[in-house]
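Enquirer: The structure's right below; bear with me while I get my questions together.
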Amino acid sequence: MASRYNEVYQSWKSDPLAFWAEAAKEIDWITPPKTIFDPQAGVYGRWFPDGTLNTCYNALDRHVNNGRADQAALIFDSPVTGIKRIYTYAQLLAEVNAVAAVLKDFGVVRGDRVLVYMPMIAEAVIGVLACARIGAIHSVVFGGFASKELATRINDSEPKVILTASAGIEPNRVVKYKPLLDEAINLAAVKPEKVLLLQRPQEQATMIPGRDFDWGDLVVAALAERRTVEPEEMKATDPLYILYTSGTTGIPKGVVRDNGGHAVALKWTMKNLYGIEPGEVFWAASDVGWVVGHSYIIYAQLLHGATTVVYEGKPIGTPDAGAFWRMIEEYHISALFTAPTAFRAVRKEDPNAEFLKKYNVGKSLRTLFLAGERADPDTVAWAEKVLGVPVIDHWWQTETGWAIAGNPVGLGALPVKHGSPTVAMPGYDIQIVDEAAHPVEAGKMGSIVIKLPLPPGNLPTLWKQDARMTESYLIDFPGFYKTADAGFIDADNYVYIMGRTDDIINVAGHRLSTGGMEEVLASHPDVAECAVIGVKDELKGEQPCGFIVLKSGVTRSPIDIEKDIVKLVRDKIGPVAAFKIAICVARLPKTRSGKILRGTMKKIADHDPWTMPATIDDPAIMEEIMAALQHKGV
Ligand code: COA
Ligand code: AMP
């Protein structure tokens, strides 16, 4: 079909308020908004400021009331433990009510924070929705983060209660959550009043009497008593959640999502961007700890009356490279959304897609969506060839909560250009500018910015940090939001995302700050100075590589210190950092004014062409860096 994209994008551009007023009709409001946007409120304006609603009601109750009670709402599949369970909308609502009742018994009231540190199990989604029901602000922390990162998030969000489980399942090990959580609470200045913990059969966690409570006792009892909790009437502008993401320092940014704009935007994307109808199964193979998981494991499918999937496995090794195909066939999945790295992993393991022959994927699968990192044309072409369905790259950030650029399948797909996530979605006026904020011509690289205001669903601010919000995103290019991505727009308005303009690197679709890692390296007693860069990696896109200069007088062997450093990053940030390369060097290359030349070091490590920076203090140091990298096999 011919795409309606241009017509719809223009309709937004000519009257944004009418566009979002229309989209808002898809949500069941308690008080429908009269004001669509207030430019005077908040940091750059607020959406639907006089509307009230409950997000959990929109995700569950309204479907139960409208004939979807017995339809699958959530599919849980855990290939390592062999557990599979399908929750209907009515069952999911009952479970959410039970957890909401327990949270209320704990004294949690609207506006309180509840931190969720859970593996990929259905209870993580249930816990989050229970918070939304009672108006508590959830903050999910990814399970691959270690205690120090968790402690930072506890200190910033000040949760009254923490929801957790005894363990998560990685293919090579059982990850014990409780010791990590206990250590984090010890480290944190702010102490939660209560912890609600789900004991899993793989690991029995030790409980602290008076503080820790067993999910199995309390929630199961509440479920047996069929307890229900009225959904709290929330202002559209009240925070629904805080999701921490890497910033340019070791202190993560608490991205705030509101209730109203979030519900409106996500609902709009399901049909128009993803082409999904209510009742269909849409699987985002991500993690509830990331923004993709928040939007497309927890909320969007449920707001739309579709079915979501919680998969506690990997694309490979659980048990093999046919894992995704098995899921698609077994649950009649219409669209899969994952990171390109997952497809690179499958391709590496099964280059001829032999496992695909065992499953009937074509019966249900219509589209593969990719995001989270640059989709390299090679991987996209391979996926198109083996799956025989459109492969759609789309670009977004934790801050935006949904796609900034994409190919709107529901409006009729535009031609795919490999290497481009296609075009700006309605709501986003994307521009490419130079350092002086002047627009650059088509095809020229520059900073990617979005004209304010950001559309509904985007962050209104950072948690308790309006000033940091302005400083991080709004100051450099007045009137625009700085994405901190660089790229270009071609003559057909296709956007190309080429890399970050800050210290963020993307490792296996996970967003990490090299600045944060440098803080950890610098904390080692033998380290005088350090630099961390992201180097190209065939599977993960990038992997971190740390250079360290030892203090004079250090007598321990550099190899031992390098091992210490690798362990230190794993212990402090977590396994997700995938920090495996630490290299001791005599000196770091710097400009005459003392700035470390990370960009040139990266080019050398990536085997890209490079030139000696004119400002370098001592060119001989680059030779030393090259030799050190070669020695390590990088
Ligand atoms: N809890 C605890 N540990 C976790 C974890 C979790 N939730 N998630 C990952 N880890 C650990 C891994 O076990 C691994 O530990 P190891 O060093 O002991 O092997 C480490 O963190 C690094 O994880 P990752 O970078 O994800 O690599 P991997 O080898 O486990 O898997 C892929 C590689 C490509 C299969 C995997 O990264 C993947 O599927 N990525 C998809 C990315 C994604 O979902 N991005 C979200 C945006 S869409
Ligand atoms: P996160 O906030 O974790 O979702 O990471 C956001 C960052 O990931 C973006 O700023 C980009 O640098 C990168 N990213 C996400 N999606 C894409 C994409 N489709 N193409 C290129 N980069 C992407």
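Identifiers in this document derive from the order of the structure tokens: chains are assigned A, B, ..., residues are numbered from 1 separately in each chain, and ligands are numbered from 1 in order of occurrence.
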Report the closest atom pair, with its distance in Å rounded to one decimal, for each residue of chain A that has an atom no farther than 10 Å from ligand 2; count only C-alpha atoms and all ligand atoms, sort by chain and then rising residue number, and write it as JSON lines.

Expert:
```
{"residue": "A:Leu243", "atom": "CA", "partner": "ligand 2", "partner_atom_place_in_ligand_line": "2 (O)", "distance": 9.9}
{"residue": "A:Tyr244", "atom": "CA", "partner": "ligand 2", "partner_atom_place_in_ligand_line": "2 (O)", "distance": 9.4}
{"residue": "A:Thr245", "atom": "CA", "partner": "ligand 2", "partner_atom_place_in_ligand_line": "2 (O)", "distance": 6.6}
{"residue": "A:Ser246", "atom": "CA", "partner": "ligand 2", "partner_atom_place_in_ligand_line": "2 (O)", "distance": 7.9}
{"residue": "A:Gly247", "atom": "CA", "partner": "ligand 2", "partner_atom_place_in_ligand_line": "2 (O)", "distance": 9.8}
{"residue": "A:Val255", "atom": "CA", "partner": "ligand 2", "partner_atom_place_in_ligand_line": "2 (O)", "distance": 9.8}
{"residue": "A:Trp290", "atom": "CA", "partner": "ligand 2", "partner_atom_place_in_ligand_line": "3 (O)", "distance": 6.7}
{"residue": "A:Val291", "atom": "CA", "partner": "ligand 2", "partner_atom_place_in_ligand_line": "4 (O)", "distance": 6.1}
{"residue": "A:Val292", "atom": "CA", "partner": "ligand 2", "partner_atom_place_in_ligand_line": "4 (O)", "distance": 7.0}
{"residue": "A:Ala339", "atom": "CA", "partner": "ligand 2", "partner_atom_place_in_ligand_line": "16 (N)", "distance": 8.4}
{"residue": "A:Pro340", "atom": "CA", "partner": "ligand 2", "partner_atom_place_in_ligand_line": "19 (N)", "distance": 8.8}
{"residue": "A:Phe369", "atom": "CA", "partner": "ligand 2", "partner_atom_place_in_ligand_line": "19 (N)", "distance": 9.3}
{"residue": "A:Leu370", "atom": "CA", "partner": "ligand 2", "partner_atom_place_in_ligand_line": "19 (N)", "distance": 6.5}
{"residue": "A:Ala371", "atom": "CA", "partner": "ligand 2", "partner_atom_place_in_ligand_line": "19 (N)", "distance": 4.2}
{"residue": "A:Gly372", "atom": "CA", "partner": "ligand 2", "partner_atom_place_in_ligand_line": "15 (C)", "distance": 3.6}
{"residue": "A:Glu373", "atom": "CA", "partner": "ligand 2", "partner_atom_place_in_ligand_line": "23 (C)", "distance": 3.6}
{"residue": "A:Arg374", "atom": "CA", "partner": "ligand 2", "partner_atom_place_in_ligand_line": "21 (C)", "distance": 3.3}
{"residue": "A:Ala375", "atom": "CA", "partner": "ligand 2", "partner_atom_place_in_ligand_line": "20 (N)", "distance": 5.8}
{"residue": "A:Asp376", "atom": "CA", "partner": "ligand 2", "partner_atom_place_in_ligand_line": "20 (N)", "distance": 8.7}
{"residue": "A:Ile392", "atom": "CA", "partner": "ligand 2", "partner_atom_place_in_ligand_line": "19 (N)", "distance": 9.0}
{"residue": "A:Asp393", "atom": "CA", "partner": "ligand 2", "partner_atom_place_in_ligand_line": "19 (N)", "distance": 5.3}
{"residue": "A:His394", "atom": "CA", "partner": "ligand 2", "partner_atom_place_in_ligand_line": "19 (N)", "distance": 4.3}
{"residue": "A:Trp395", "atom": "CA", "partner": "ligand 2", "partner_atom_place_in_ligand_line": "19 (N)", "distance": 3.6}
{"residue": "A:Trp396", "atom": "CA", "partner": "ligand 2", "partner_atom_place_in_ligand_line": "16 (N)", "distance": 4.9}
{"residue": "A:Gln397", "atom": "CA", "partner": "ligand 2", "partner_atom_place_in_ligand_line": "2 (O)", "distance": 3.8}
{"residue": "A:Thr398", "atom": "CA", "partner": "ligand 2", "partner_atom_place_in_ligand_line": "2 (O)", "distance": 3.6}
{"residue": "A:Glu399", "atom": "CA", "partner": "ligand 2", "partner_atom_place_in_ligand_line": "2 (O)", "distance": 6.4}
{"residue": "A:Thr400", "atom": "CA", "partner": "ligand 2", "partner_atom_place_in_ligand_line": "2 (O)", "distance": 8.2}
{"residue": "A:Gly401", "atom": "CA", "partner": "ligand 2", "partner_atom_place_in_ligand_line": "4 (O)", "distance": 8.2}
{"residue": "A:Trp402", "atom": "CA", "partner": "ligand 2", "partner_atom_place_in_ligand_line": "4 (O)", "distance": 9.2}
{"residue": "A:Ala403", "atom": "CA", "partner": "ligand 2", "partner_atom_place_in_ligand_line": "16 (N)", "distance": 8.4}
{"residue": "A:Ile404", "atom": "CA", "partner": "ligand 2", "partner_atom_place_in_ligand_line": "16 (N)", "distance": 9.2}
{"residue": "A:Ala405", "atom": "CA", "partner": "ligand 2", "partner_atom_place_in_ligand_line": "19 (N)", "distance": 8.1}
{"residue": "A:Gly406", "atom": "CA", "partner": "ligand 2", "partner_atom_place_in_ligand_line": "19 (N)", "distance": 8.2}
{"residue": "A:Gly419", "atom": "CA", "partner": "ligand 2", "partner_atom_place_in_ligand_line": "20 (N)", "distance": 8.1}
{"residue": "A:Ser420", "atom": "CA", "partner": "ligand 2", "partner_atom_place_in_ligand_line": "20 (N)", "distance": 7.5}
{"residue": "A:Pro421", "atom": "CA", "partner": "ligand 2", "partner_atom_place_in_ligand_line": "19 (N)", "distance": 5.6}
{"residue": "A:Thr422", "atom": "CA", "partner": "ligand 2", "partner_atom_place_in_ligand_line": "19 (N)", "distance": 9.4}
{"residue": "A:Ile448", "atom": "CA", "partner": "ligand 2", "partner_atom_place_in_ligand_line": "10 (O)", "distance": 9.9}
{"residue": "A:Thr483", "atom": "CA", "partner": "ligand 2", "partner_atom_place_in_ligand_line": "10 (O)", "distance": 6.4}
{"residue": "A:Ala484", "atom": "CA", "partner": "ligand 2", "partner_atom_place_in_ligand_line": "10 (O)", "distance": 6.5}
{"residue": "A:Asp485", "atom": "CA", "partner": "ligand 2", "partner_atom_place_in_ligand_line": "10 (O)", "distance": 5.5}
{"residue": "A:Ala486", "atom": "CA", "partner": "ligand 2", "partner_atom_place_in_ligand_line": "12 (O)", "distance": 8.3}
{"residue": "A:Gly487", "atom": "CA", "partner": "ligand 2", "partner_atom_place_in_ligand_line": "21 (C)", "distance": 9.3}
{"residue": "A:Val495", "atom": "CA", "partner": "ligand 2", "partner_atom_place_in_ligand_line": "20 (N)", "distance": 9.5}
{"residue": "A:Tyr496", "atom": "CA", "partner": "ligand 2", "partner_atom_place_in_ligand_line": "20 (N)", "distance": 7.6}
{"residue": "A:Ile497", "atom": "CA", "partner": "ligand 2", "partner_atom_place_in_ligand_line": "21 (C)", "distance": 4.9}
{"residue": "A:Met498", "atom": "CA", "partner": "ligand 2", "partner_atom_place_in_ligand_line": "21 (C)", "distance": 6.6}
{"residue": "A:Gly499", "atom": "CA", "partner": "ligand 2", "partner_atom_place_in_ligand_line": "12 (O)", "distance": 5.8}
{"residue": "A:Arg500", "atom": "CA", "partner": "ligand 2", "partner_atom_place_in_ligand_line": "12 (O)", "distance": 5.4}
{"residue": "A:Thr501", "atom": "CA", "partner": "ligand 2", "partner_atom_place_in_ligand_line": "12 (O)", "distance": 8.8}
{"residue": "A:Asp502", "atom": "CA", "partner": "ligand 2", "partner_atom_place_in_ligand_line": "12 (O)", "distance": 9.6}
{"residue": "A:Ile504", "atom": "CA", "partner": "ligand 2", "partner_atom_place_in_ligand_line": "12 (O)", "distance": 7.7}
{"residue": "A:Ile505", "atom": "CA", "partner": "ligand 2", "partner_atom_place_in_ligand_line": "12 (O)", "distance": 7.7}
{"residue": "A:Asn506", "atom": "CA", "partner": "ligand 2", "partner_atom_place_in_ligand_line": "8 (O)", "distance": 6.6}
{"residue": "A:Val507", "atom": "CA", "partner": "ligand 2", "partner_atom_place_in_ligand_line": "8 (O)", "distance": 9.7}
{"residue": "A:Gly509", "atom": "CA", "partner": "ligand 2", "partner_atom_place_in_ligand_line": "3 (O)", "distance": 7.0}
{"residue": "A:His510", "atom": "CA", "partner": "ligand 2", "partner_atom_place_in_ligand_line": "3 (O)", "distance": 5.8}
{"residue": "A:Arg511", "atom": "CA", "partner": "ligand 2", "partner_atom_place_in_ligand_line": "3 (O)", "distance": 4.5}
{"residue": "A:Leu512", "atom": "CA", "partner": "ligand 2", "partner_atom_place_in_ligand_line": "3 (O)", "distance": 8.0}
```

Enquirer: Could you list, with a cut-off of 8 Å and counting only C-alpha atoms and all ligand atoms, the residues of chain A near ligand 1, each shown with its nearest atom pair and the distance in Å rounded to one decimal, rows sorted by chain and ascending number, as CSV?

Expert:
```
residue,atom,partner,partner_atom_place_in_ligand_line,distance
A:Pro119,CA,ligand 1,7 (N),5.8
A:Met120,CA,ligand 1,7 (N),7.1
A:Phe142,CA,ligand 1,7 (N),6.0
A:Gly143,CA,ligand 1,1 (N),3.9
A:Gly144,CA,ligand 1,2 (C),3.6
A:Phe145,CA,ligand 1,2 (C),7.0
A:Gly168,CA,ligand 1,1 (N),6.3
A:Ile169,CA,ligand 1,1 (N),7.5
A:Glu170,CA,ligand 1,13 (O),5.3
A:Pro171,CA,ligand 1,13 (O),7.1
A:Asn172,CA,ligand 1,13 (O),7.1
A:Arg173,CA,ligand 1,13 (O),7.6
A:Val175,CA,ligand 1,2 (C),5.9
A:Ala284,CA,ligand 1,48 (S),7.6
A:Ala285,CA,ligand 1,44 (O),6.0
A:Ser286,CA,ligand 1,44 (O),3.6
A:Asp287,CA,ligand 1,44 (O),5.8
A:Gly289,CA,ligand 1,7 (N),7.9
A:Trp290,CA,ligand 1,46 (C),6.1
A:Val291,CA,ligand 1,47 (C),7.4
A:Val292,CA,ligand 1,48 (S),5.6
A:Gly293,CA,ligand 1,46 (C),7.5
A:Lys314,CA,ligand 1,39 (O),5.3
A:Pro315,CA,ligand 1,35 (C),5.4
A:Ile316,CA,ligand 1,35 (C),6.1
A:Phe337,CA,ligand 1,48 (S),7.3
A:Thr338,CA,ligand 1,48 (S),5.0
A:Ala339,CA,ligand 1,48 (S),4.4
A:Pro340,CA,ligand 1,41 (C),7.6
A:Thr341,CA,ligand 1,34 (C),4.8
A:Ala342,CA,ligand 1,34 (C),4.4
A:Phe343,CA,ligand 1,34 (C),7.6
A:Arg344,CA,ligand 1,34 (C),7.1
A:Ala345,CA,ligand 1,34 (C),5.3
A:Val346,CA,ligand 1,35 (C),8.0
A:Leu370,CA,ligand 1,48 (S),7.3
A:Ala371,CA,ligand 1,48 (S),5.6
A:Gly372,CA,ligand 1,47 (C),4.5
A:Glu373,CA,ligand 1,47 (C),7.7
A:Val507,CA,ligand 1,25 (O),6.3
A:Ala508,CA,ligand 1,37 (O),4.6
A:Gly509,CA,ligand 1,45 (N),4.1
A:His510,CA,ligand 1,45 (N),5.5
A:Leu539,CA,ligand 1,34 (C),6.7
A:Lys540,CA,ligand 1,34 (C),6.1
A:Gly574,CA,ligand 1,21 (O),7.1
A:Pro575,CA,ligand 1,21 (O),4.0
A:Val576,CA,ligand 1,21 (O),3.7
A:Ala577,CA,ligand 1,22 (C),6.5
A:Ala578,CA,ligand 1,22 (C),4.9
```

Enquirer: For a quick check of understanding, using only C-alpha atoms, which of A:Asn65, A:Leu474, A:Arg4, A:His138 has the smallest distance to A:Asn407?

Expert: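 Nearest candidate to A:Asn407 out of A:Asn65, A:Leu474, A:Arg4, A:His138: A:Arg4.
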
Enquirer: Of the candidates A:His524, A:Lys253, A:Lys603, A:Lys563, which one gets nearest to A:Asp466 if we count only C-alpha atoms?

Expert: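 Among the listed residues, the smallest separation from A:Asp466 belongs to A:Lys253.
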
Enquirer: What's the separation between atom CA of A:Val96 and atom CA of A:Leu129, in Å to one decimal place?

Expert: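 We find that atom CA of A:Val96 and atom CA of A:Leu129 lie 6.3 Å from each other.
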
Enquirer: When distances are computed from only C-alpha atoms, which of A:Ser166, A:Gln301, A:Thr152, A:Asn352 shows the smallest separation from A:Ala321?

Expert: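 Closest candidate: A:Asn352.
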
Enquirer: Identify all residues of stretch 164-321 of chain A in helix (DSSP H, G or I) (DSSP on the backbone) and supply them as a ChimeraX atom specification.

Expert: /A:177-187,215-224,260-272,291-304

Enquirer: Can you tell me which residues surround A:Gln543 at a distance of at most 6 Å, considering only C-alpha atoms, apart from same-chain residues fewer than 2 positions away, and format the answer as a list in words?

Expert: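 My list of contacting residues is Val507, Gly534, Val535 and Asp537 of chain A.
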
Enquirer: Using only C-alpha atoms, find the one residue out of A:Arg110, A:His294, A:Lys178, A:Arg227 that sits nearest to A:Ala94.

Expert: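 The closest residue to A:Ala94 is A:Arg227.
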
Enquirer: Record the distance separating atom CA of A:Ala41 and atom CA of A:Glu26, expressed in Å with one decimal.

Expert: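 If I compute the distance from atom CA of A:Ala41 to atom CA of A:Glu26, I get 24.2 Å.
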